[in-house]
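Asker: Sharing upload19.pdb, PDB, C-alpha atoms, pLDDT in the B column:
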```pdb
ATOM      1  CA  MET A  15       3.429  -6.294  -8.083  1.00 44.00           C
ATOM      2  CA  ASN A  16       6.172  -7.162 -10.495  1.00 42.00           C
ATOM      3  CA  PHE A  17       5.367  -6.820 -14.171  1.00 42.00           C
ATOM      4  CA  GLN A  18       8.612  -7.412 -16.056  1.00 47.00           C
ATOM      5  CA  ASN A  19       6.663  -7.733 -19.310  1.00 52.00           C
ATOM      6  CA  LEU A  20       3.659  -5.533 -18.790  1.00 62.00           C
ATOM      7  CA  SER A  21       0.748  -7.397 -20.356  1.00 69.00           C
ATOM      8  CA  GLN A  22      -2.726  -6.134 -21.090  1.00 69.00           C
ATOM      9  CA  GLU A  23      -3.931  -8.156 -18.098  1.00 70.00           C
ATOM     10  CA  SER A  24      -1.378  -6.444 -15.853  1.00 87.00           C
ATOM     11  CA  LEU A  25      -2.465  -3.029 -17.114  1.00 88.00           C
ATOM     12  CA  SER A  26      -6.084  -3.966 -16.375  1.00 90.00           C
ATOM     13  CA  GLN A  27      -5.126  -4.979 -12.825  1.00 92.00           C
ATOM     14  CA  ILE A  28      -3.350  -1.675 -12.248  1.00 93.00           C
ATOM     15  CA  ALA A  29      -6.280   0.261 -13.713  1.00 94.00           C
ATOM     16  CA  GLN A  30      -8.702  -1.600 -11.432  1.00 94.00           C
ATOM     17  CA  ARG A  31      -6.506  -0.916  -8.415  1.00 94.00           C
ATOM     18  CA  LEU A  32      -6.510   2.794  -9.245  1.00 96.00           C
ATOM     19  CA  ARG A  33     -10.323   2.763  -9.607  1.00 96.00           C
ATOM     20  CA  ASP A  34     -10.708   0.838  -6.338  1.00 96.00           C
ATOM     21  CA  HIS A  35      -8.877   3.673  -4.578  1.00 96.00           C
ATOM     22  CA  GLY A  36     -10.919   6.423  -6.212  1.00 96.00           C
ATOM     23  CA  TYR A  37      -8.486   7.500  -8.932  1.00 96.00           C
ATOM     24  CA  ARG A  38      -9.550   8.184 -12.500  1.00 94.00           C
ATOM     25  CA  VAL A  39      -7.954   5.963 -15.111  1.00 95.00           C
ATOM     26  CA  THR A  40      -6.963   8.289 -17.925  1.00 95.00           C
ATOM     27  CA  PRO A  41      -4.936   7.500 -21.049  1.00 95.00           C
ATOM     28  CA  GLN A  42      -2.227   9.823 -19.727  1.00 95.00           C
ATOM     29  CA  ARG A  43      -2.052   8.054 -16.372  1.00 95.00           C
ATOM     30  CA  MET A  44      -1.842   4.661 -18.067  1.00 95.00           C
ATOM     31  CA  ALA A  45       0.901   5.978 -20.380  1.00 95.00           C
ATOM     32  CA  ILE A  46       2.878   6.883 -17.246  1.00 96.00           C
ATOM     33  CA  VAL A  47       2.361   3.334 -15.934  1.00 95.00           C
ATOM     34  CA  GLU A  48       3.510   1.860 -19.243  1.00 93.00           C
ATOM     35  CA  ALA A  49       6.581   4.114 -19.318  1.00 94.00           C
ATOM     36  CA  LEU A  50       7.462   3.150 -15.747  1.00 94.00           C
ATOM     37  CA  PHE A  51       7.440  -0.549 -16.559  1.00 91.00           C
ATOM     38  CA  ALA A  52       9.111  -0.126 -19.955  1.00 90.00           C
ATOM     39  CA  SER A  53      12.202   1.525 -18.450  1.00 88.00           C
ATOM     40  CA  SER A  54      14.781   0.440 -15.927  1.00 88.00           C
ATOM     41  CA  HIS A  55      14.494   2.645 -12.854  1.00 93.00           C
ATOM     42  CA  PRO A  56      13.479   5.827 -14.695  1.00 95.00           C
ATOM     43  CA  THR A  57      13.336   9.315 -13.227  1.00 96.00           C
ATOM     44  CA  ALA A  58      10.105  11.303 -13.423  1.00 97.00           C
ATOM     45  CA  GLU A  59      11.788  13.502 -16.020  1.00 97.00           C
ATOM     46  CA  GLU A  60      12.612  10.482 -18.200  1.00 96.00           C
ATOM     47  CA  ILE A  61       9.028   9.250 -17.979  1.00 97.00           C
ATOM     48  CA  HIS A  62       7.742  12.742 -18.822  1.00 98.00           C
ATOM     49  CA  GLN A  63      10.024  12.944 -21.832  1.00 96.00           C
ATOM     50  CA  GLN A  64       8.889   9.521 -23.027  1.00 95.00           C
ATOM     51  CA  ILE A  65       5.148  10.165 -22.765  1.00 96.00           C
ATOM     52  CA  SER A  66       5.203  13.778 -23.961  1.00 95.00           C
ATOM     53  CA  ARG A  67       5.525  12.518 -27.531  1.00 92.00           C
ATOM     54  CA  ARG A  68       2.046  10.986 -27.256  1.00 94.00           C
ATOM     55  CA  PHE A  69       0.610  13.467 -24.760  1.00 96.00           C
ATOM     56  CA  PRO A  70       2.355  16.838 -25.188  1.00 95.00           C
ATOM     57  CA  MET A  71       0.022  18.570 -22.706  1.00 95.00           C
ATOM     58  CA  VAL A  72       0.973  16.310 -19.752  1.00 95.00           C
ATOM     59  CA  SER A  73       3.009  18.296 -17.243  1.00 96.00           C
ATOM     60  CA  LEU A  74       5.941  17.059 -15.214  1.00 97.00           C
ATOM     61  CA  ALA A  75       3.811  17.762 -12.109  1.00 97.00           C
ATOM     62  CA  THR A  76       1.209  15.275 -13.389  1.00 96.00           C
ATOM     63  CA  VAL A  77       3.924  12.650 -13.813  1.00 97.00           C
ATOM     64  CA  TYR A  78       5.149  13.244 -10.257  1.00 97.00           C
ATOM     65  CA  LYS A  79       1.597  13.085  -8.857  1.00 97.00           C
ATOM     66  CA  THR A  80       0.873   9.848 -10.695  1.00 97.00           C
ATOM     67  CA  LEU A  81       4.142   8.293  -9.530  1.00 97.00           C
ATOM     68  CA  ARG A  82       3.305   9.319  -5.950  1.00 97.00           C
ATOM     69  CA  VAL A  83      -0.103   7.603  -6.270  1.00 97.00           C
ATOM     70  CA  LEU A  84       1.496   4.450  -7.740  1.00 96.00           C
ATOM     71  CA  THR A  85       3.991   4.435  -4.870  1.00 95.00           C
ATOM     72  CA  GLU A  86       1.273   4.910  -2.230  1.00 94.00           C
ATOM     73  CA  LEU A  87      -0.702   2.001  -3.736  1.00 94.00           C
ATOM     74  CA  GLY A  88       2.354  -0.277  -3.697  1.00 90.00           C
ATOM     75  CA  ILE A  89       2.516  -0.523  -7.486  1.00 92.00           C
ATOM     76  CA  ALA A  90       5.872   1.266  -7.663  1.00 93.00           C
ATOM     77  CA  ARG A  91       8.712   2.255  -5.370  1.00 91.00           C
ATOM     78  CA  ASP A  92      10.427   5.622  -5.060  1.00 93.00           C
ATOM     79  CA  LEU A  93      14.185   5.121  -4.819  1.00 91.00           C
ATOM     80  CA  LYS A  94      16.722   7.733  -3.793  1.00 87.00           C
ATOM     81  CA  ILE A  95      19.845   6.656  -5.651  1.00 83.00           C
ATOM     82  CA  GLY A  96      22.642   9.155  -5.568  1.00 78.00           C
ATOM     83  CA  GLU A  97      21.206  12.628  -5.978  1.00 82.00           C
ATOM     84  CA  ARG A  98      18.194  11.512  -8.040  1.00 85.00           C
ATOM     85  CA  ASN A  99      14.862   9.949  -7.312  1.00 92.00           C
ATOM     86  CA  ARG A 100      14.158   6.982  -9.529  1.00 94.00           C
ATOM     87  CA  PHE A 101      11.081   4.822  -9.713  1.00 95.00           C
ATOM     88  CA  ASP A 102      10.882   1.046  -9.778  1.00 93.00           C
ATOM     89  CA  GLY A 103       7.942  -1.044 -10.925  1.00 90.00           C
ATOM     90  CA  ASN A 104       9.455  -4.111  -9.294  1.00 87.00           C
ATOM     91  CA  THR A 105       8.103  -4.149  -5.743  1.00 84.00           C
ATOM     92  CA  ASP A 106       9.358  -7.658  -4.939  1.00 81.00           C
ATOM     93  CA  PRO A 107      12.227  -7.798  -2.398  1.00 79.00           C
ATOM     94  CA  HIS A 108      15.461  -7.113  -4.246  1.00 84.00           C
ATOM     95  CA  ALA A 109      18.706  -5.171  -4.134  1.00 86.00           C
ATOM     96  CA  HIS A 110      20.045  -2.744  -6.704  1.00 90.00           C
ATOM     97  CA  LEU A 111      23.433  -3.208  -8.316  1.00 92.00           C
ATOM     98  CA  ILE A 112      24.626   0.279  -9.252  1.00 92.00           C
ATOM     99  CA  CYS A 113      27.574   0.885 -11.570  1.00 92.00           C
ATOM    100  CA  ILE A 114      29.664   3.839 -10.386  1.00 91.00           C
ATOM    101  CA  ARG A 115      30.927   4.420 -13.934  1.00 91.00           C
ATOM    102  CA  CYS A 116      27.883   4.432 -16.204  1.00 90.00           C
ATOM    103  CA  GLY A 117      25.100   4.626 -13.609  1.00 87.00           C
ATOM    104  CA  GLN A 118      23.373   1.433 -14.794  1.00 90.00           C
ATOM    105  CA  ILE A 119      20.987   0.028 -12.179  1.00 91.00           C
ATOM    106  CA  THR A 120      20.217  -3.695 -12.185  1.00 91.00           C
ATOM    107  CA  ASP A 121      17.765  -5.566  -9.960  1.00 89.00           C
ATOM    108  CA  PHE A 122      19.250  -8.371  -7.881  1.00 88.00           C
ATOM    109  CA  PRO A 123      16.796 -10.754  -6.117  1.00 83.00           C
ATOM    110  CA  LEU A 124      17.139 -11.234  -2.353  1.00 77.00           C
ATOM    111  CA  SER A 125      14.244 -13.466  -1.341  1.00 68.00           C
ATOM    112  CA  SER A 126      15.689 -15.391   1.609  1.00 64.00           C
ATOM    113  CA  GLN A 127      17.865 -12.549   2.892  1.00 60.00           C
ATOM    114  CA  GLY A 128      14.830 -10.286   3.334  1.00 61.00           C
ATOM    115  CA  VAL A 129      13.048 -12.911   5.414  1.00 63.00           C
ATOM    116  CA  ALA A 130      16.154 -13.401   7.562  1.00 68.00           C
ATOM    117  CA  LEU A 131      16.475  -9.647   8.064  1.00 72.00           C
ATOM    118  CA  ALA A 132      12.824  -9.367   9.143  1.00 72.00           C
ATOM    119  CA  GLU A 133      13.330 -12.201  11.639  1.00 79.00           C
ATOM    120  CA  GLU A 134      16.257 -10.296  13.170  1.00 82.00           C
ATOM    121  CA  VAL A 135      14.549  -6.890  13.232  1.00 81.00           C
ATOM    122  CA  GLU A 136      11.088  -7.807  14.516  1.00 83.00           C
ATOM    123  CA  PRO A 137      12.263  -9.055  17.956  1.00 86.00           C
ATOM    124  CA  GLN A 138      13.496  -5.482  18.488  1.00 87.00           C
ATOM    125  CA  GLY A 139       9.866  -4.356  18.394  1.00 88.00           C
ATOM    126  CA  PHE A 140      10.182  -2.923  14.905  1.00 87.00           C
ATOM    127  CA  GLN A 141       7.770  -3.919  12.154  1.00 82.00           C
ATOM    128  CA  MET A 142       9.702  -3.978   8.889  1.00 77.00           C
ATOM    129  CA  LEU A 143       7.656  -2.882   5.876  1.00 76.00           C
ATOM    130  CA  TRP A 144      10.398  -2.888   3.228  1.00 73.00           C
ATOM    131  CA  TYR A 145      14.102  -2.430   2.873  1.00 74.00           C
ATOM    132  CA  ASP A 146      16.466  -0.986   0.302  1.00 76.00           C
ATOM    133  CA  LEU A 147      19.860  -2.451  -0.419  1.00 82.00           C
ATOM    134  CA  GLU A 148      22.215  -0.747  -2.838  1.00 87.00           C
ATOM    135  CA  ILE A 149      25.414  -2.440  -3.952  1.00 89.00           C
ATOM    136  CA  TYR A 150      27.891  -0.182  -5.735  1.00 91.00           C
ATOM    137  CA  GLY A 151      30.537  -1.434  -8.124  1.00 93.00           C
ATOM    138  CA  ILE A 152      31.458  -1.643 -11.790  1.00 94.00           C
ATOM    139  CA  CYS A 153      29.177  -3.401 -14.263  1.00 92.00           C
ATOM    140  CA  ARG A 154      30.333  -6.030 -16.739  1.00 92.00           C
ATOM    141  CA  GLN A 155      30.208  -3.617 -19.687  1.00 92.00           C
ATOM    142  CA  CYS A 156      32.382  -1.029 -17.955  1.00 93.00           C
ATOM    143  CA  GLN A 157      34.831  -3.705 -16.794  1.00 92.00           C
ATOM    144  CA  ALA A 158      35.201  -4.873 -20.386  1.00 91.00           C
ATOM    145  CA  LYS A 159      36.231  -1.416 -21.584  1.00 86.00           C
ATOM    146  CA  LYS A 160      39.983  -1.020 -22.120  1.00 67.00           C
ATOM    147  CA  GLY A 161      41.870   0.453 -19.183  1.00 61.00           C
ATOM    148  CA  SER A 162      39.069  -0.112 -16.724  1.00 54.00           C
ATOM    149  CA  SER A 163      40.064   0.247 -13.112  1.00 58.00           C
ATOM    150  CA  PRO A 164      37.907   1.314 -10.165  1.00 57.00           C
ATOM    151  CA  THR A 165      37.955   4.988  -9.246  1.00 55.00           C
ATOM    152  CA  LEU A 166      36.612   5.513  -5.768  1.00 52.00           C
TER
END
```
Once more with this new file: its structure as structure tokens, please.

Answerer:
Amino acid sequence: MNFQNLSQESLSQIAQRLRDHGYRVTPQRMAIVEALFASSHPTAEEIHQQISRRFPMVSLATVYKTLRVLTELGIARDLKIGERNRFDGNTDPHAHLICIRCGQITDFPLSSQGVALAEEVEPQGFQMLWYDLEIYGICRQCQAKKGSSPTL
């Protein structure tokens, strides 16, 4: 599921999917969903900080558990980028462009490349479920800053 602009209909679909798999749909859980889709590749800590304004009693453990459930249901992806785990509400095939200066992470679509990769891998007797592609470089904003040169 990819919900760039999370609509009420999208929230209803996610809520129904949670119910279909035996999970309670609480206001706190839905706030975690909203925070996930409102941010670009947030960490669990960032989501916790965002929702704790509305729900001060929600623990970081609850955020992690909910993100694990969303990942297991295919609603989100758990990404290990650098030393941190980040979460992505975009489950469509795509790469991540990661700026080595500011840490910005941008989605980059890879529709035909993913199909080609699957066609190469499957004859090896391996069923591909998903793939992660990270491309490291310097984003446009960092390049525009005076004196910008790559530091590797």

Asker: With only C-alpha atoms as the atoms that count, which of A:Gln30, A:Tyr37, A:Phe69, A:Arg100 lies nearest to Leu50 of chain A?

Answerer: A:Arg100

Asker: Take the PyMOL selection byres ((chain A and resi 64) around 12), run it mentally on this structure, and tell me the resulting residues as a list of chain:residue names.

Answerer: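 This file gives the following for the PyMOL selection byres ((chain A and resi 64) around 12): A:Gln42, A:Ala45, A:Ile46, A:Val47, A:Glu48, A:Ala49, A:Leu50, A:Ala52, A:Ser53, A:Pro56, A:Thr57, A:Ala58, A:Glu59, A:Glu60, A:Ile61, A:His62, A:Gln63, A:Ile65, A:Ser66, A:Arg67, A:Arg68, A:Phe69, A:Pro70, A:Val72, A:Leu74, A:Val77.
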
Asker: Tell me which of A:Leu87, A:Gln155, A:Arg98, A:Ile114 sits closest to Asp34 of chain A, counting only C-alpha atoms.

Answerer: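 Comparing A:Leu87, A:Gln155, A:Arg98, A:Ile114 against Asp34 of chain A, the winner is A:Leu87.
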
Asker: Give me the residues near Glu148 of chain A as a ChimeraX atom specification, where near means some atom within 12 Å (using all atoms listed in the file) and where sequence neighbours in that chain fewer than 3 positions away do not count.

Answerer: /A:93-96,108-114,119-124,145,151

Asker: With all atoms listed in the file as the basis for distance, which of A:Arg43, A:Arg38, A:Arg115, A:Arg33 is at the shortest distance from Thr76 of chain A?

Answerer: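 Checking each candidate against Thr76 of chain A, we get A:Arg43 as the closest.
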
Asker: How many Å lie between atom CA of Glu133 of chain A and atom CA of Asp146 of chain A, rounded to one decimal?

Answerer: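 Computing it gives 16.3 Å between the two atoms.
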
Asker: Tell me which of A:Leu143, A:Ala158, A:Val83, A:Ile152 sits closest to Asp106 of chain A, counting all atoms listed in the file.

Answerer: A:Leu143

Asker: Will you give me segment 94-147 of chain A, written with C-alpha atoms and laid out as a CSV table (one decimal), in the first residue's frame?

Answerer:
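For reference, selection.csv as written:
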```
chain,number,residue,atom,x,y,z
A,94,LYS,CA,18.0,-0.3,8.3
A,95,ILE,CA,19.7,2.8,7.0
A,96,GLY,CA,23.0,3.5,8.5
A,97,GLU,CA,22.8,2.7,12.2
A,98,ARG,CA,19.1,3.5,12.6
A,99,ASN,CA,15.9,1.7,11.8
A,100,ARG,CA,13.5,3.8,9.9
A,101,PHE,CA,10.0,3.0,8.7
A,102,ASP,CA,8.5,3.5,5.3
A,103,GLY,CA,4.8,3.6,4.5
A,104,ASN,CA,5.6,3.3,0.8
A,105,THR,CA,5.6,-0.4,0.1
A,106,ASP,CA,5.8,-0.1,-3.7
A,107,PRO,CA,9.1,-1.1,-5.3
A,108,HIS,CA,11.5,1.8,-5.0
A,109,ALA,CA,15.0,2.8,-4.1
A,110,HIS,CA,16.1,5.3,-1.5
A,111,LEU,CA,18.3,8.2,-2.3
A,112,ILE,CA,20.3,9.0,0.9
A,113,CYS,CA,22.2,12.3,1.3
A,114,ILE,CA,25.5,11.6,3.2
A,115,ARG,CA,25.6,15.2,4.4
A,116,CYS,CA,22.1,16.0,5.8
A,117,GLY,CA,20.7,12.4,6.0
A,118,GLN,CA,17.7,13.3,3.8
A,119,ILE,CA,16.0,10.1,2.4
A,120,THR,CA,14.0,10.4,-0.8
A,121,ASP,CA,12.0,7.7,-2.5
A,122,PHE,CA,13.1,6.9,-6.1
A,123,PRO,CA,10.7,4.6,-8.2
A,124,LEU,CA,12.2,1.5,-9.8
A,125,SER,CA,9.2,-0.3,-11.4
A,126,SER,CA,10.8,-2.0,-14.3
A,127,GLN,CA,14.2,-2.7,-12.7
A,128,GLY,CA,12.5,-4.7,-9.9
A,129,VAL,CA,10.7,-6.9,-12.4
A,130,ALA,CA,14.0,-7.4,-14.3
A,131,LEU,CA,15.8,-8.3,-11.1
A,132,ALA,CA,13.1,-10.9,-10.2
A,133,GLU,CA,13.4,-12.5,-13.6
A,134,GLU,CA,17.2,-12.9,-13.1
A,135,VAL,CA,16.9,-14.2,-9.5
A,136,GLU,CA,14.1,-16.7,-9.8
A,137,PRO,CA,15.8,-19.0,-12.3
A,138,GLN,CA,18.4,-19.5,-9.4
A,139,GLY,CA,15.6,-21.2,-7.4
A,140,PHE,CA,15.1,-18.2,-5.2
A,141,GLN,CA,11.7,-16.6,-4.7
A,142,MET,CA,12.2,-12.8,-4.3
A,143,LEU,CA,9.8,-11.2,-1.9
A,144,TRP,CA,11.2,-7.7,-1.9
A,145,TYR,CA,14.5,-5.8,-2.3
A,146,ASP,CA,16.1,-2.8,-0.9
A,147,LEU,CA,18.3,-0.4,-2.9
```
